[in-house]
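Quick notes on the structure that follows.
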Amino acid sequence: MFAKIKQLFSDSTAFALALMGNKIVAFLLVPVYTRYLDPSRFGDWGLTNTIGIVVTYFCVLGTDTAFAFYFFESRDKQERDSYFTAAVFFPVVISLGFVLITSLISAPAAGLLFEDPEGYTHLLTLTILTIVFNVIIQQTLAYARFERQVKTFMIGTMSFVIGSSLASVWFVVFGKMGVMGIVYGQLITQSIVALVLLFGYRKHFTWQVKKKHLRNLLSYGVPLLPALLAFWIMNAVSQPIIYYLVSSEEGGIFGLAVRFASVIALITAAFQHAWRPFSVSIKDREDAKQIYSLLGRGFLVLGTFFIMLLSFLIEPVIKFVAGNPDFYAAYPYVWMLALGTLLNTIHLIVGVGLFVQKKTKTISKTFIIAAVIYLIGNFALVPFIQIWGTVSMTVVTYLYVFLSIYLKGQKVYKINFRIRSMLIYLFLFIFVMAFITWIQLNNWSHLWIYYICAVFLMSSAALLTGLFNAKSLSQLRRFINLRRNEGA
């Protein structure tokens, strides 16, 4: 068991290093963009990203998740390469179709979508064109990830993210191109990286793809599309709701809060990259359920402590990084957005049975209901409490997703996650974080004292709630000692 946990830990660490470099660059870009883009244009950029996300879902059609499953189900290299070819080029063909459609409607659509569409005639077309290359990059790097080609994954990921960021800065700062400059930088860099990866992995592509393999990818992935779209609604639509129901300035502030909350991706995204292939690869082991349970509980504690530390530092960090007082109001919203991301990742663990048993359709039902709850809550609350309405509904909705997926997963693949203990711990964490936010907003003195108390309380809660007991701690100690002995 510990050898497998070590594998997950090792892979997650490697992926985290790549993501850490990307996040550092992203943070370095924030003071650049907040100085060269006013909140309204910053909101335009967020809206453009939103459009790109939803189109990407329609291009990929869940084949990325399906590829992760069938990669390990394949009998030999030829079969894996056939799945790989289908997973890359099928989404590329669809995305090229979207490019053609967008080129015909880009200019009039910009006039409808943006408050000030000046200079945005080709913005949507170029954004969708970027997706063509992004799909190639993501699917090819997925192959590298499944093959545990960590160096290739790290170099590829950092090249396209950091390269895109640096190129975008050049166009924004020196080219004075605003939002269009960001898109130009992404398009140029990602096209280069995509072509390099295509050349590097050319021997893994097959000249023909069996219909069975494409059908398998779609039958596994397409049922997830409603879930992906619902997930998009709960994330990407948030900023447009604030943008249109409140103001473009508030939309920009929310967009900055989202960017800072995305720091949690250092944990969640790295874990997700390693989790999908890992969870499938161990599903037939006798101790698989024990591993899933231990990791689920451990990930909850690790993630909540990361969010708590982030909330302690967030106000001065935002003021330092943003540099523009118009953006300072973003800090109190960050922890709730980060918690939503954490809960969304944990559903992959508590619902692991649905994935290994190929019951992906039921996941979409949960996310569709969640999206409805989220939209109703936003339209009801945002006009009155503005951004607080959106961040509150983020937590409420992902709590529903977490519980719903857990219950459905238990029906097909029963695992003892100690769910009662997890929920008590989680609700206590929300109460503690709400109190921390309240004293920050009211400028209480000696905040560090309350921070220490919060850490002590949550540390005690992990034990007193029964989330971890002596046996669990013994397992963790054995794992840590194993790591030390290997490092010695």
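Each chain of the structure tokens is named A, B, ... in the order shown, its residues numbered from 1; ligands are numbered from 1 in display order.
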
Practice task
Report the residues of stretch 133-261 of chain A whose backbone DSSP state falls under alpha helix (DSSP H), written as a PyMOL selection string.
Solution key: chain A and resi 133-146+150-169+178-200+211-221+225-235+238-245+248-261

Serialized selection, C-alpha atoms, as an mmCIF file, in the first residue's frame:
data_model
loop_
_atom_site.group_PDB
_atom_site.id
_atom_site.type_symbol
_atom_site.label_atom_id
_atom_site.label_comp_id
_atom_site.auth_asym_id
_atom_site.auth_seq_id
_atom_site.Cartn_x
_atom_site.Cartn_y
_atom_site.Cartn_z
ATOM 1 C CA PHE A 133 -3.245 24.181 -30.153
ATOM 2 C CA ASN A 134 -4.214 23.950 -26.491
ATOM 3 C CA VAL A 135 -6.047 20.667 -27.132
ATOM 4 C CA ILE A 136 -2.949 19.196 -28.783
ATOM 5 C CA ILE A 137 -0.786 20.281 -25.860
ATOM 6 C CA GLN A 138 -3.096 18.995 -23.136
ATOM 7 C CA GLN A 139 -3.757 15.591 -24.704
ATOM 8 C CA THR A 140 -0.108 15.026 -25.593
ATOM 9 C CA LEU A 141 1.074 15.997 -22.125
ATOM 10 C CA ALA A 142 -1.581 13.649 -20.729
ATOM 11 C CA TYR A 143 0.141 10.808 -22.601
ATOM 12 C CA ALA A 144 3.441 11.894 -21.050
ATOM 13 C CA ARG A 145 1.790 11.963 -17.629
ATOM 14 C CA PHE A 146 0.345 8.464 -17.971
ATOM 15 C CA VAL A 150 7.735 13.634 -15.656
ATOM 16 C CA LYS A 151 10.481 15.715 -17.268
ATOM 17 C CA THR A 152 8.575 15.958 -20.541
ATOM 18 C CA PHE A 153 5.416 16.937 -18.685
ATOM 19 C CA MET A 154 7.193 19.589 -16.631
ATOM 20 C CA ILE A 155 9.053 21.104 -19.573
ATOM 21 C CA GLY A 156 5.998 21.041 -21.831
ATOM 22 C CA THR A 157 3.674 22.523 -19.231
ATOM 23 C CA MET A 158 6.030 25.269 -18.150
ATOM 24 C CA SER A 159 6.992 26.087 -21.732
ATOM 25 C CA PHE A 160 3.489 26.786 -22.937
ATOM 26 C CA VAL A 161 2.276 28.537 -19.768
ATOM 27 C CA ILE A 162 5.353 30.604 -19.007
ATOM 28 C CA GLY A 163 6.040 31.238 -22.689
ATOM 29 C CA SER A 164 2.467 32.388 -23.267
ATOM 30 C CA SER A 165 2.627 34.642 -20.237
ATOM 31 C CA LEU A 166 5.877 36.313 -21.230
ATOM 32 C CA ALA A 167 4.707 36.830 -24.804
ATOM 33 C CA SER A 168 1.415 38.275 -23.567
ATOM 34 C CA VAL A 169 3.255 40.717 -21.300
ATOM 35 C CA GLY A 178 -4.609 45.330 -24.053
ATOM 36 C CA VAL A 179 -6.729 42.169 -24.035
ATOM 37 C CA MET A 180 -5.856 41.443 -27.667
ATOM 38 C CA GLY A 181 -2.192 41.387 -26.669
ATOM 39 C CA ILE A 182 -2.847 38.635 -24.136
ATOM 40 C CA VAL A 183 -4.524 36.508 -26.810
ATOM 41 C CA TYR A 184 -1.720 37.149 -29.334
ATOM 42 C CA GLY A 185 0.855 35.976 -26.798
ATOM 43 C CA GLN A 186 -1.089 32.808 -26.041
ATOM 44 C CA LEU A 187 -1.705 31.987 -29.693
ATOM 45 C CA ILE A 188 1.892 32.381 -30.848
ATOM 46 C CA THR A 189 3.494 30.469 -27.983
ATOM 47 C CA GLN A 190 0.971 27.644 -27.809
ATOM 48 C CA SER A 191 1.142 27.039 -31.546
ATOM 49 C CA ILE A 192 4.920 26.617 -31.301
ATOM 50 C CA VAL A 193 4.724 24.263 -28.299
ATOM 51 C CA ALA A 194 1.960 22.211 -29.951
ATOM 52 C CA LEU A 195 4.002 21.713 -33.116
ATOM 53 C CA VAL A 196 7.064 20.687 -31.100
ATOM 54 C CA LEU A 197 5.023 18.109 -29.166
ATOM 55 C CA LEU A 198 3.433 16.758 -32.341
ATOM 56 C CA PHE A 199 6.890 16.244 -33.797
ATOM 57 C CA GLY A 200 8.241 14.711 -30.587
ATOM 58 C CA LYS A 211 -13.981 3.034 -34.746
ATOM 59 C CA LYS A 212 -14.238 0.960 -31.586
ATOM 60 C CA HIS A 213 -11.592 3.057 -29.861
ATOM 61 C CA LEU A 214 -13.199 6.365 -30.798
ATOM 62 C CA ARG A 215 -16.584 4.985 -29.787
ATOM 63 C CA ASN A 216 -15.179 3.886 -26.418
ATOM 64 C CA LEU A 217 -13.713 7.331 -25.778
ATOM 65 C CA LEU A 218 -16.984 9.040 -26.624
ATOM 66 C CA SER A 219 -19.200 6.578 -24.738
ATOM 67 C CA TYR A 220 -17.108 7.142 -21.608
ATOM 68 C CA GLY A 221 -16.481 10.865 -22.093
ATOM 69 C CA LEU A 225 -20.131 16.623 -20.916
ATOM 70 C CA PRO A 226 -23.214 17.792 -18.987
ATOM 71 C CA ALA A 227 -21.124 17.575 -15.818
ATOM 72 C CA LEU A 228 -18.349 19.600 -17.436
ATOM 73 C CA LEU A 229 -20.802 22.204 -18.706
ATOM 74 C CA ALA A 230 -22.453 22.380 -15.308
ATOM 75 C CA PHE A 231 -19.010 22.763 -13.759
ATOM 76 C CA TRP A 232 -18.352 25.568 -16.234
ATOM 77 C CA ILE A 233 -21.616 27.251 -15.252
ATOM 78 C CA MET A 234 -20.607 27.137 -11.609
ATOM 79 C CA ASN A 235 -17.217 28.666 -12.351
ATOM 80 C CA SER A 238 -19.776 33.616 -12.132
ATOM 81 C CA GLN A 239 -17.830 36.565 -13.478
ATOM 82 C CA PRO A 240 -20.314 37.405 -16.266
ATOM 83 C CA ILE A 241 -23.164 37.356 -13.724
ATOM 84 C CA ILE A 242 -21.350 39.923 -11.597
ATOM 85 C CA TYR A 243 -20.179 41.752 -14.734
ATOM 86 C CA TYR A 244 -23.752 42.294 -15.950
ATOM 87 C CA LEU A 245 -25.805 42.341 -12.715
ATOM 88 C CA SER A 248 -17.688 45.514 -14.937
ATOM 89 C CA GLU A 249 -15.503 46.892 -12.117
ATOM 90 C CA GLU A 250 -16.904 44.361 -9.635
ATOM 91 C CA GLY A 251 -16.423 41.716 -12.305
ATOM 92 C CA GLY A 252 -12.756 42.661 -12.442
ATOM 93 C CA ILE A 253 -12.422 42.478 -8.646
ATOM 94 C CA PHE A 254 -14.053 39.049 -8.632
ATOM 95 C CA GLY A 255 -11.745 37.960 -11.446
ATOM 96 C CA LEU A 256 -8.725 38.893 -9.332
ATOM 97 C CA ALA A 257 -10.136 36.973 -6.350
ATOM 98 C CA VAL A 258 -10.523 33.926 -8.592
ATOM 99 C CA ARG A 259 -6.904 34.218 -9.702
ATOM 100 C CA PHE A 260 -5.636 34.308 -6.129
ATOM 101 C CA ALA A 261 -7.945 31.459 -5.128
#

Exercise for the section: Excluding stretch 405-422 of chain A and any residue of its chain fewer than 5 positions from it, enumerate the residues within 6 Å of it, using only C-alpha atoms, and give them as a list in words. Expected result: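 The contact residues come out as Lys289, Ser293, Val350, Gly351, Gly353, Leu354, Thr465, Gly466 and Leu467 of chain A.
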
So that I have them on file, write out the residues from the current selection with C-alpha atoms, as a short mmCIF file (atom, residue, chain, number, x, y, z; two decimals), in the first residue's frame.
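Final output, saved to part_24.cif:
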data_model
loop_
_atom_site.label_atom_id
_atom_site.label_comp_id
_atom_site.auth_asym_id
_atom_site.auth_seq_id
_atom_site.Cartn_x
_atom_site.Cartn_y
_atom_site.Cartn_z
CA LYS A 289 -10.37 0.90 -0.79
CA SER A 293 -10.09 6.27 2.15
CA VAL A 350 -15.20 9.92 -2.71
CA GLY A 351 -16.79 9.06 -6.05
CA GLY A 353 -16.21 3.93 -7.62
CA LEU A 354 -18.29 5.67 -10.29
CA THR A 465 -13.83 14.24 15.14
CA GLY A 466 -12.47 10.77 14.42
CA LEU A 467 -11.22 11.81 10.99
#

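When the distance limit is 8 Å and only C-alpha atoms are what count, the residues near A:Ala107, minus those fewer than 2 positions from it on the same chain, are Leu104, Ile105, Ala109, Ala110, Gly111, Tyr120, Thr121 and His122 of chain A.
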
Can you write just those residues out, C-alpha atoms, as a PDB file, in the first residue's frame?
ATOM      1  CA  LEU A 104     -18.181  34.485 -39.353  1.00  0.00           C
ATOM      2  CA  ILE A 105     -19.728  35.939 -36.191  1.00  0.00           C
ATOM      3  CA  ALA A 109     -20.768  38.875 -31.206  1.00  0.00           C
ATOM      4  CA  ALA A 110     -18.156  41.173 -29.647  1.00  0.00           C
ATOM      5  CA  GLY A 111     -20.606  44.054 -29.886  1.00  0.00           C
ATOM      6  CA  TYR A 120     -12.256  43.275 -30.386  1.00  0.00           C
ATOM      7  CA  THR A 121     -13.266  42.466 -33.989  1.00  0.00           C
ATOM      8  CA  HIS A 122     -11.140  39.295 -34.147  1.00  0.00           C
TER       9      HIS A 122
END

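The space separating atom CA of A:Ala370 from atom CA of A:Leu399 comes to 9.5 Å.
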
Between stretch 129-227 of chain A and stretch 79-84 of chain A, at 6 Å or less, what are the per-residue closest atom pairs and their distances in Å? Count only C-alpha atoms, order by chain and rising residue number, and return it as JSON lines.
{"residue": "A:His204", "atom": "CA", "partner": "A:Asp81", "partner_atom": "CA", "distance": 5.5}
{"residue": "A:Phe205", "atom": "CA", "partner": "A:Asp81", "partner_atom": "CA", "distance": 5.9}
{"residue": "A:Thr206", "atom": "CA", "partner": "A:Ser82", "partner_atom": "CA", "distance": 5.9}
{"residue": "A:Val209", "atom": "CA", "partner": "A:Ser82", "partner_atom": "CA", "distance": 5.5}
{"residue": "A:His213", "atom": "CA", "partner": "A:Tyr83", "partner_atom": "CA", "distance": 5.9}

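In this structure, atom CA of A:Leu375 sits 12.9 Å away from atom CA of A:Tyr398.
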
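Here atom CA of A:Lys358 stands at a distance of 14.7 Å from atom CA of A:Asp64.
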
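Proximity to A:Arg276 at 8 Å, evaluated using only C-alpha atoms and with sequence-adjacent residues fewer than 3 positions away removed, yields A:Thr65, A:Ala68, A:Phe69, A:Gln272, A:His273, A:Ser279, A:Val280.
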
Problem - Non-local contacts of stretch 446-458 of chain A (8 Å; only C-alpha atoms; under 3 positions in same chain excluded) as a ChimeraX atom specification - result: /A:305,312,425,428-429,432,436,439-440,461-462

Handout entry: Nearest to A:Ile387, chosen from A:Ile264, A:Leu294, A:Val246, A:Val352, with only C-alpha atoms counted in the distances
Key =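 For A:Ile387, the nearest of the given residues is A:Val246.
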
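Residue nearest A:Val92 within the list A:Leu129, A:Ala274, A:Leu47, A:Ala434: A:Leu129 [criterion: smallest interatomic distance, only C-alpha atoms].
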
Exercise for the section: Please provide the set of residues having any atom within 10 Å of A:Ser281, restricted to only C-alpha atoms, with same-chain residues fewer than 2 positions apart removed, written as a VMD selection string. Expected result: chain A and resid 4 69 71 to 73 275 to 279 283 to 285 288 356
